[in-house]
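One structure below.
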Amino acid sequence: KAGVTQTPRYLIKTRGQQVTLSCSPISGHRSVSWYQQTPGQGLQFLFEYFSETQRNKGNFPGRFSGRQFSNSRSEMNVSTLELGDSALYLCASSLTTFTDTQYFGPGTRLTVL
Amino acid sequence: DQQVKQNSPSLSVQEGRISILNCDYTNSMFDYFLWYKKYPAEGPTFLISISSIKDKNEDGRFTVFLNKSAKHLSLHIVPSQPGDSAVYFCAAFLSSNTGKLIFGQGTTLQVKP
């Protein structure tokens, strides 16, 4: 069974631009959650989607948004990029809820210049 | 305000012995607690979770204990193996309102052969 895939793997943007990251969960998984990983802040939870609905949300500004499609694939969008948005963005999928076993993708490394 | 704390930045144990990783939290309303493992230059891996209505959950060599009165949870790894050397994060989930998952800062475990 294929694992969680994320595209692109690496991305370089400049301040003020926007970016869209994509996550394809494991087949049959309906919960997709997103995380930001930085050396300074560690791991932080962005949001979780289930059945095309945002079910849980962390403490990130409205510039960070996401959506989930009917096939459970998910996208995350960051608008008006700031230098501090440089991070590894991870998504994880699970069958029904992220409090059960999650499987992480390799992440998208975003660099904002 | 750090709601989830891992007060030991690092821990070193001998192969075959028990590793105990600790995590303290401040909010008695957390519903679930999760542990993740992360190797350098890789994304995290989900390890084990526990509901707040339980006090113990076991999965192979990994056992998580929850002491609600002390607002403390711990991850026991028995027996420890060199491949367990990684950074371990605990996280707490609050389902009320929009739902938040809050991570601790991580503890680096080194298992010596």
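Letters for chains follow the order of the structure tokens (A, B, ...), residue numbers begin at 1 for each chain, and ligand numbers begin at 1 in the order shown.
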Self-check item: Who sits within 6 Å of segment 107-111 of chain A, only C-alpha atoms, same chain under 6 positions skipped, as a list in words
Solution: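 Surrounding residues, per the criterion: Arg9, Tyr10, Leu11, Ile12, Ser86, Ala87, Leu88, Tyr89 and Leu90 of chain A.
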Quiz prompt | chain A residues near chain B (7 Å cut-off, only C-alpha atoms) as a list in words | solution =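 Here they are: Gly42, Leu43, Gln44, Phe45, Asn56, Lys57, Gly58, Thr99, Asp100, Thr101, Gln102, Tyr103, Phe104, Pro106 and Gly107 of chain A.
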Practice problem: Would you mind writing down, as a VMD selection string, each residue of segment 3-83 of chain B that DSSP on the backbone assigns to strand (DSSP E)? | Solution: chain B and resid 4 to 5 10 to 14 19 to 25 32 to 38 44 to 51 56 to 59 62 to 67 72 to 77
Quiz item: Which distance in Å separates atom CA of Gln54 of chain A and atom CA of Gly105 of chain A, to one decimal?
Solution: 19.3 Å
Self-check item: Spatial neighbours of Val32 of chain A, 12 Å, only C-alpha atoms, chain gap at least 2 places, as a PyMOL selection string
Solution: chain A and resi 4-6+22-30+34-35+45-57+66-69+71-76+90-105
How would the residues just chosen look if you wrote them out with N, CA and C atoms as a compact mmCIF listing (two decimals), in the first residue's frame?
```txt
# COMPACT_ATOMS: atom_id res chain seq x y z
N VAL A 4 1.91 8.01 2.48
CA VAL A 4 1.45 9.38 2.32
C VAL A 4 2.45 10.12 1.42
N THR A 5 1.94 10.79 0.43
CA THR A 5 2.82 11.54 -0.46
C THR A 5 2.52 13.03 -0.35
N GLN A 6 3.59 13.81 -0.46
CA GLN A 6 3.46 15.25 -0.41
C GLN A 6 4.20 15.86 -1.59
N SER A 22 0.43 20.11 -1.33
CA SER A 22 -0.53 19.04 -1.55
C SER A 22 -0.15 17.79 -0.76
N CYS A 23 -1.17 17.07 -0.33
CA CYS A 23 -0.96 15.84 0.43
C CYS A 23 -1.95 14.78 -0.04
N SER A 24 -1.42 13.63 -0.41
CA SER A 24 -2.28 12.49 -0.77
C SER A 24 -2.17 11.44 0.31
N PRO A 25 -3.27 11.16 1.00
CA PRO A 25 -3.22 10.20 2.11
C PRO A 25 -3.16 8.77 1.62
N ILE A 26 -2.94 7.89 2.56
CA ILE A 26 -3.01 6.47 2.27
C ILE A 26 -4.43 6.13 1.84
N SER A 27 -4.55 5.26 0.86
CA SER A 27 -5.87 4.89 0.36
C SER A 27 -6.75 4.38 1.49
N GLY A 28 -7.96 4.93 1.58
CA GLY A 28 -8.89 4.52 2.63
C GLY A 28 -8.86 5.40 3.87
N HIS A 29 -7.80 6.19 3.99
CA HIS A 29 -7.71 7.11 5.13
C HIS A 29 -8.52 8.35 4.85
N ARG A 30 -9.31 8.76 5.83
CA ARG A 30 -10.17 9.91 5.63
C ARG A 30 -9.77 11.13 6.45
N TRP A 34 -2.25 18.43 9.30
CA TRP A 34 -1.07 19.18 8.85
C TRP A 34 -0.30 19.71 10.05
N TYR A 35 1.03 19.73 9.93
CA TYR A 35 1.90 20.17 10.99
C TYR A 35 3.01 21.05 10.41
N PHE A 45 0.76 21.94 15.46
CA PHE A 45 -0.41 21.43 14.75
C PHE A 45 -1.10 22.57 14.02
N LEU A 46 -1.37 22.35 12.74
CA LEU A 46 -2.06 23.36 11.95
C LEU A 46 -3.57 23.11 11.91
N PHE A 47 -3.96 22.01 11.33
CA PHE A 47 -5.37 21.65 11.28
C PHE A 47 -5.55 20.21 10.85
N GLU A 48 -6.79 19.74 11.03
CA GLU A 48 -7.15 18.39 10.63
C GLU A 48 -8.43 18.44 9.80
N TYR A 49 -8.44 17.66 8.74
CA TYR A 49 -9.62 17.56 7.89
C TYR A 49 -10.14 16.14 7.89
N PHE A 50 -11.46 16.04 7.84
CA PHE A 50 -12.13 14.75 7.77
C PHE A 50 -13.38 14.94 6.94
N SER A 51 -13.54 14.09 5.94
CA SER A 51 -14.70 14.19 5.05
C SER A 51 -14.93 15.60 4.55
N GLU A 52 -13.87 16.20 4.06
CA GLU A 52 -13.90 17.51 3.40
C GLU A 52 -14.22 18.66 4.36
N THR A 53 -14.20 18.40 5.66
CA THR A 53 -14.51 19.43 6.65
C THR A 53 -13.34 19.60 7.60
N GLN A 54 -13.05 20.86 7.92
CA GLN A 54 -12.02 21.09 8.92
C GLN A 54 -12.59 20.76 10.28
N ARG A 55 -11.99 19.81 10.94
CA ARG A 55 -12.53 19.32 12.20
C ARG A 55 -11.81 19.91 13.41
N ASN A 56 -10.51 20.15 13.26
CA ASN A 56 -9.72 20.72 14.36
C ASN A 56 -8.74 21.74 13.79
N LYS A 57 -8.40 22.73 14.60
CA LYS A 57 -7.54 23.80 14.11
C LYS A 57 -6.61 24.27 15.22
N GLY A 66 -6.69 25.51 4.55
CA GLY A 66 -6.59 24.21 3.89
C GLY A 66 -7.93 23.78 3.36
N ARG A 67 -7.90 22.68 2.68
CA ARG A 67 -9.14 22.07 2.24
C ARG A 67 -8.88 20.59 1.96
N GLN A 68 -9.97 19.86 1.89
CA GLN A 68 -9.88 18.44 1.58
C GLN A 68 -10.90 18.12 0.50
N PHE A 69 -10.48 17.30 -0.42
CA PHE A 69 -11.34 16.94 -1.53
C PHE A 69 -12.07 15.62 -1.26
N ASN A 71 -11.83 12.84 -2.53
CA ASN A 71 -10.96 11.64 -2.53
C ASN A 71 -9.98 11.65 -1.35
N SER A 72 -10.22 12.56 -0.41
CA SER A 72 -9.42 12.72 0.83
C SER A 72 -8.11 13.45 0.62
N ARG A 73 -7.72 13.69 -0.60
CA ARG A 73 -6.52 14.49 -0.83
C ARG A 73 -6.72 15.88 -0.21
N SER A 74 -5.63 16.43 0.28
CA SER A 74 -5.75 17.70 0.98
C SER A 74 -4.72 18.69 0.45
N GLU A 75 -5.07 19.93 0.52
CA GLU A 75 -4.14 21.01 0.17
C GLU A 75 -4.07 21.99 1.33
N MET A 76 -2.90 22.57 1.48
CA MET A 76 -2.70 23.62 2.46
C MET A 76 -2.20 24.85 1.72
N LEU A 90 4.43 19.11 7.27
CA LEU A 90 4.16 17.68 7.25
C LEU A 90 2.66 17.44 7.22
N CYS A 91 2.26 16.45 6.49
CA CYS A 91 0.89 16.00 6.63
C CYS A 91 0.91 14.55 7.06
N ALA A 92 -0.16 14.16 7.70
CA ALA A 92 -0.30 12.79 8.18
C ALA A 92 -1.72 12.32 7.92
N SER A 93 -1.85 11.06 7.64
CA SER A 93 -3.21 10.53 7.43
C SER A 93 -3.48 9.41 8.41
N SER A 94 -4.75 9.24 8.71
CA SER A 94 -5.20 8.15 9.56
C SER A 94 -6.59 7.75 9.10
N LEU A 95 -7.04 6.62 9.58
CA LEU A 95 -8.31 6.09 9.09
C LEU A 95 -9.47 7.05 9.37
N THR A 96 -9.62 7.40 10.66
CA THR A 96 -10.77 8.23 11.00
C THR A 96 -10.42 9.43 11.87
N THR A 97 -9.38 9.32 12.68
CA THR A 97 -9.04 10.42 13.57
C THR A 97 -7.55 10.41 13.84
N PHE A 98 -6.98 11.60 13.99
CA PHE A 98 -5.52 11.66 14.19
C PHE A 98 -5.11 11.22 15.58
N THR A 99 -6.06 10.93 16.46
CA THR A 99 -5.68 10.37 17.75
C THR A 99 -5.44 8.86 17.66
N ASP A 100 -5.75 8.29 16.53
CA ASP A 100 -5.37 6.91 16.24
C ASP A 100 -4.05 6.91 15.46
N THR A 101 -3.64 5.77 15.01
CA THR A 101 -2.36 5.67 14.32
C THR A 101 -2.32 6.59 13.10
N GLN A 102 -1.29 7.43 13.07
CA GLN A 102 -1.09 8.34 11.96
C GLN A 102 0.12 7.91 11.17
N TYR A 103 0.07 8.21 9.90
CA TYR A 103 1.21 7.94 9.02
C TYR A 103 1.61 9.27 8.39
N PHE A 104 2.88 9.60 8.56
CA PHE A 104 3.36 10.89 8.09
C PHE A 104 3.94 10.78 6.68
N GLY A 105 3.78 11.85 5.95
CA GLY A 105 4.46 11.98 4.68
C GLY A 105 5.87 12.51 4.89
```
Quiz prompt | Residues within 12 Å of Val112 of chain A, only C-alpha atoms, excluding chain neighbours under 4 positions, as an MDAnalysis selection string | solution = chainID A and resid 10:19 78:88
Keeping N, CA, C and O atoms for every residue in the selection just given, could you write it to a file as a PDB file, in the first residue's frame?
```pdb
ATOM      1  N   TYR A  10      10.273  20.329  -2.128  1.00  0.00           N
ATOM      2  CA  TYR A  10      11.013  21.546  -1.798  1.00  0.00           C
ATOM      3  C   TYR A  10      10.412  22.726  -2.559  1.00  0.00           C
ATOM      4  O   TYR A  10       9.961  22.571  -3.690  1.00  0.00           O
ATOM      5  N   LEU A  11      10.442  23.854  -1.883  1.00  0.00           N
ATOM      6  CA  LEU A  11       9.824  25.042  -2.463  1.00  0.00           C
ATOM      7  C   LEU A  11      10.545  26.276  -1.948  1.00  0.00           C
ATOM      8  O   LEU A  11      10.814  26.384  -0.742  1.00  0.00           O
ATOM      9  N   ILE A  12      10.847  27.186  -2.840  1.00  0.00           N
ATOM     10  CA  ILE A  12      11.438  28.457  -2.442  1.00  0.00           C
ATOM     11  C   ILE A  12      10.521  29.574  -2.932  1.00  0.00           C
ATOM     12  O   ILE A  12      10.179  29.626  -4.116  1.00  0.00           O
ATOM     13  N   LYS A  13      10.123  30.428  -2.006  1.00  0.00           N
ATOM     14  CA  LYS A  13       9.237  31.537  -2.334  1.00  0.00           C
ATOM     15  C   LYS A  13       9.813  32.818  -1.736  1.00  0.00           C
ATOM     16  O   LYS A  13      10.719  32.787  -0.893  1.00  0.00           O
ATOM     17  N   THR A  14       9.268  33.947  -2.129  1.00  0.00           N
ATOM     18  CA  THR A  14       9.668  35.215  -1.542  1.00  0.00           C
ATOM     19  C   THR A  14       8.522  35.778  -0.708  1.00  0.00           C
ATOM     20  O   THR A  14       7.356  35.384  -0.863  1.00  0.00           O
ATOM     21  N   ARG A  15       8.897  36.656   0.174  1.00  0.00           N
ATOM     22  CA  ARG A  15       7.899  37.271   1.061  1.00  0.00           C
ATOM     23  C   ARG A  15       6.746  37.864   0.261  1.00  0.00           C
ATOM     24  O   ARG A  15       6.955  38.489  -0.776  1.00  0.00           O
ATOM     25  N   GLY A  16       5.548  37.711   0.772  1.00  0.00           N
ATOM     26  CA  GLY A  16       4.378  38.266   0.116  1.00  0.00           C
ATOM     27  C   GLY A  16       3.701  37.320  -0.850  1.00  0.00           C
ATOM     28  O   GLY A  16       2.518  37.506  -1.175  1.00  0.00           O
ATOM     29  N   GLN A  17       4.429  36.308  -1.316  1.00  0.00           N
ATOM     30  CA  GLN A  17       3.809  35.355  -2.227  1.00  0.00           C
ATOM     31  C   GLN A  17       2.913  34.396  -1.469  1.00  0.00           C
ATOM     32  O   GLN A  17       2.835  34.413  -0.242  1.00  0.00           O
ATOM     33  N   GLN A  18       2.213  33.582  -2.215  1.00  0.00           N
ATOM     34  CA  GLN A  18       1.404  32.551  -1.591  1.00  0.00           C
ATOM     35  C   GLN A  18       1.864  31.187  -2.111  1.00  0.00           C
ATOM     36  O   GLN A  18       2.546  31.095  -3.138  1.00  0.00           O
ATOM     37  N   VAL A  19       1.514  30.161  -1.367  1.00  0.00           N
ATOM     38  CA  VAL A  19       1.973  28.829  -1.738  1.00  0.00           C
ATOM     39  C   VAL A  19       0.875  27.817  -1.438  1.00  0.00           C
ATOM     40  O   VAL A  19       0.090  27.992  -0.501  1.00  0.00           O
ATOM     41  N   VAL A  78      -0.792  28.896   2.127  1.00  0.00           N
ATOM     42  CA  VAL A  78      -0.297  29.977   2.973  1.00  0.00           C
ATOM     43  C   VAL A  78      -0.228  31.214   2.104  1.00  0.00           C
ATOM     44  O   VAL A  78       0.460  31.226   1.066  1.00  0.00           O
ATOM     45  N   SER A  79      -0.921  32.239   2.502  1.00  0.00           N
ATOM     46  CA  SER A  79      -0.921  33.486   1.734  1.00  0.00           C
ATOM     47  C   SER A  79       0.006  34.498   2.400  1.00  0.00           C
ATOM     48  O   SER A  79       0.348  34.367   3.578  1.00  0.00           O
ATOM     49  N   THR A  80       0.409  35.495   1.639  1.00  0.00           N
ATOM     50  CA  THR A  80       1.256  36.580   2.138  1.00  0.00           C
ATOM     51  C   THR A  80       2.393  36.017   2.999  1.00  0.00           C
ATOM     52  O   THR A  80       2.506  36.264   4.204  1.00  0.00           O
ATOM     53  N   LEU A  81       3.229  35.251   2.375  1.00  0.00           N
ATOM     54  CA  LEU A  81       4.303  34.552   3.078  1.00  0.00           C
ATOM     55  C   LEU A  81       5.213  35.505   3.836  1.00  0.00           C
ATOM     56  O   LEU A  81       5.531  36.612   3.382  1.00  0.00           O
ATOM     57  N   GLU A  82       5.622  35.045   5.023  1.00  0.00           N
ATOM     58  CA  GLU A  82       6.577  35.761   5.856  1.00  0.00           C
ATOM     59  C   GLU A  82       7.823  34.893   6.024  1.00  0.00           C
ATOM     60  O   GLU A  82       7.760  33.666   5.862  1.00  0.00           O
ATOM     61  N   LEU A  83       8.928  35.554   6.396  1.00  0.00           N
ATOM     62  CA  LEU A  83      10.176  34.802   6.578  1.00  0.00           C
ATOM     63  C   LEU A  83       9.988  33.671   7.591  1.00  0.00           C
ATOM     64  O   LEU A  83      10.538  32.581   7.445  1.00  0.00           O
ATOM     65  N   GLY A  84       9.200  33.950   8.620  1.00  0.00           N
ATOM     66  CA  GLY A  84       8.987  32.970   9.684  1.00  0.00           C
ATOM     67  C   GLY A  84       8.182  31.759   9.268  1.00  0.00           C
ATOM     68  O   GLY A  84       8.044  30.811  10.039  1.00  0.00           O
ATOM     69  N   ASP A  85       7.657  31.783   8.061  1.00  0.00           N
ATOM     70  CA  ASP A  85       6.900  30.627   7.572  1.00  0.00           C
ATOM     71  C   ASP A  85       7.825  29.549   7.020  1.00  0.00           C
ATOM     72  O   ASP A  85       7.360  28.451   6.678  1.00  0.00           O
ATOM     73  N   SER A  86       9.106  29.847   6.930  1.00  0.00           N
ATOM     74  CA  SER A  86      10.067  28.837   6.468  1.00  0.00           C
ATOM     75  C   SER A  86      10.052  27.667   7.441  1.00  0.00           C
ATOM     76  O   SER A  86      10.277  27.839   8.644  1.00  0.00           O
ATOM     77  N   ALA A  87       9.779  26.500   6.937  1.00  0.00           N
ATOM     78  CA  ALA A  87       9.604  25.342   7.816  1.00  0.00           C
ATOM     79  C   ALA A  87       9.443  24.096   6.970  1.00  0.00           C
ATOM     80  O   ALA A  87       9.322  24.159   5.744  1.00  0.00           O
ATOM     81  N   LEU A  88       9.413  22.976   7.670  1.00  0.00           N
ATOM     82  CA  LEU A  88       9.031  21.706   7.049  1.00  0.00           C
ATOM     83  C   LEU A  88       7.550  21.507   7.357  1.00  0.00           C
ATOM     84  O   LEU A  88       7.143  21.521   8.512  1.00  0.00           O
TER      85      LEU A  88
END
```
Self-check item: Residue neighbourhood Pro82 of chain B, 6 Å, only C-alpha atoms, exclusion window fewer than 2 positions, as a PyMOL selection string
Solution: chain B and resi 84-85+111
If you keep C-alpha atoms, can you produce a file of those selected residues as a PDB file, in the first residue's frame?
```pdb
ATOM      1  CA  ASP B  84      15.151   3.724  19.679  1.00  0.00           C
ATOM      2  CA  SER B  85      17.634   6.604  19.774  1.00  0.00           C
ATOM      3  CA  VAL B 111      20.359   4.177  23.834  1.00  0.00           C
TER       4      VAL B 111
END
```
Shell around Ser28 of chain B at 9 Å using only C-alpha atoms, local window under 6 positions removed, as a short mmCIF file (atom, residue, chain, number, x, y, z; two decimals) with C-alpha atoms, in the first residue's frame:
```cif
data_model
loop_
_atom_site.label_atom_id
_atom_site.label_comp_id
_atom_site.auth_asym_id
_atom_site.auth_seq_id
_atom_site.Cartn_x
_atom_site.Cartn_y
_atom_site.Cartn_z
CA LYS B 68 -4.48 12.54 35.68
CA SER B 69 -4.25 13.73 39.26
CA LYS B 71 -1.22 15.84 35.14
#
```
Self-check item: Between atom CA of Lys56 of chain B and atom CA of Trp35 of chain B, distance in Å (one decimal)
Solution: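 Between atom CA of Lys56 of chain B and atom CA of Trp35 of chain B the gap is 13.2 Å.
With distances restricted to only C-alpha atoms, B:Leu21 is the closest residue to Tyr88 of chain B from B:Leu73, B:Val4, B:Leu21, B:Ile53.
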Self-check item: atom CA of Thr63 of chain B to atom CA of Pro79 of chain B, straight-line distance in Å
Solution: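 Computed distance, atom CA of Pro79 of chain B to atom CA of Thr63 of chain B, equals 11.2 Å.
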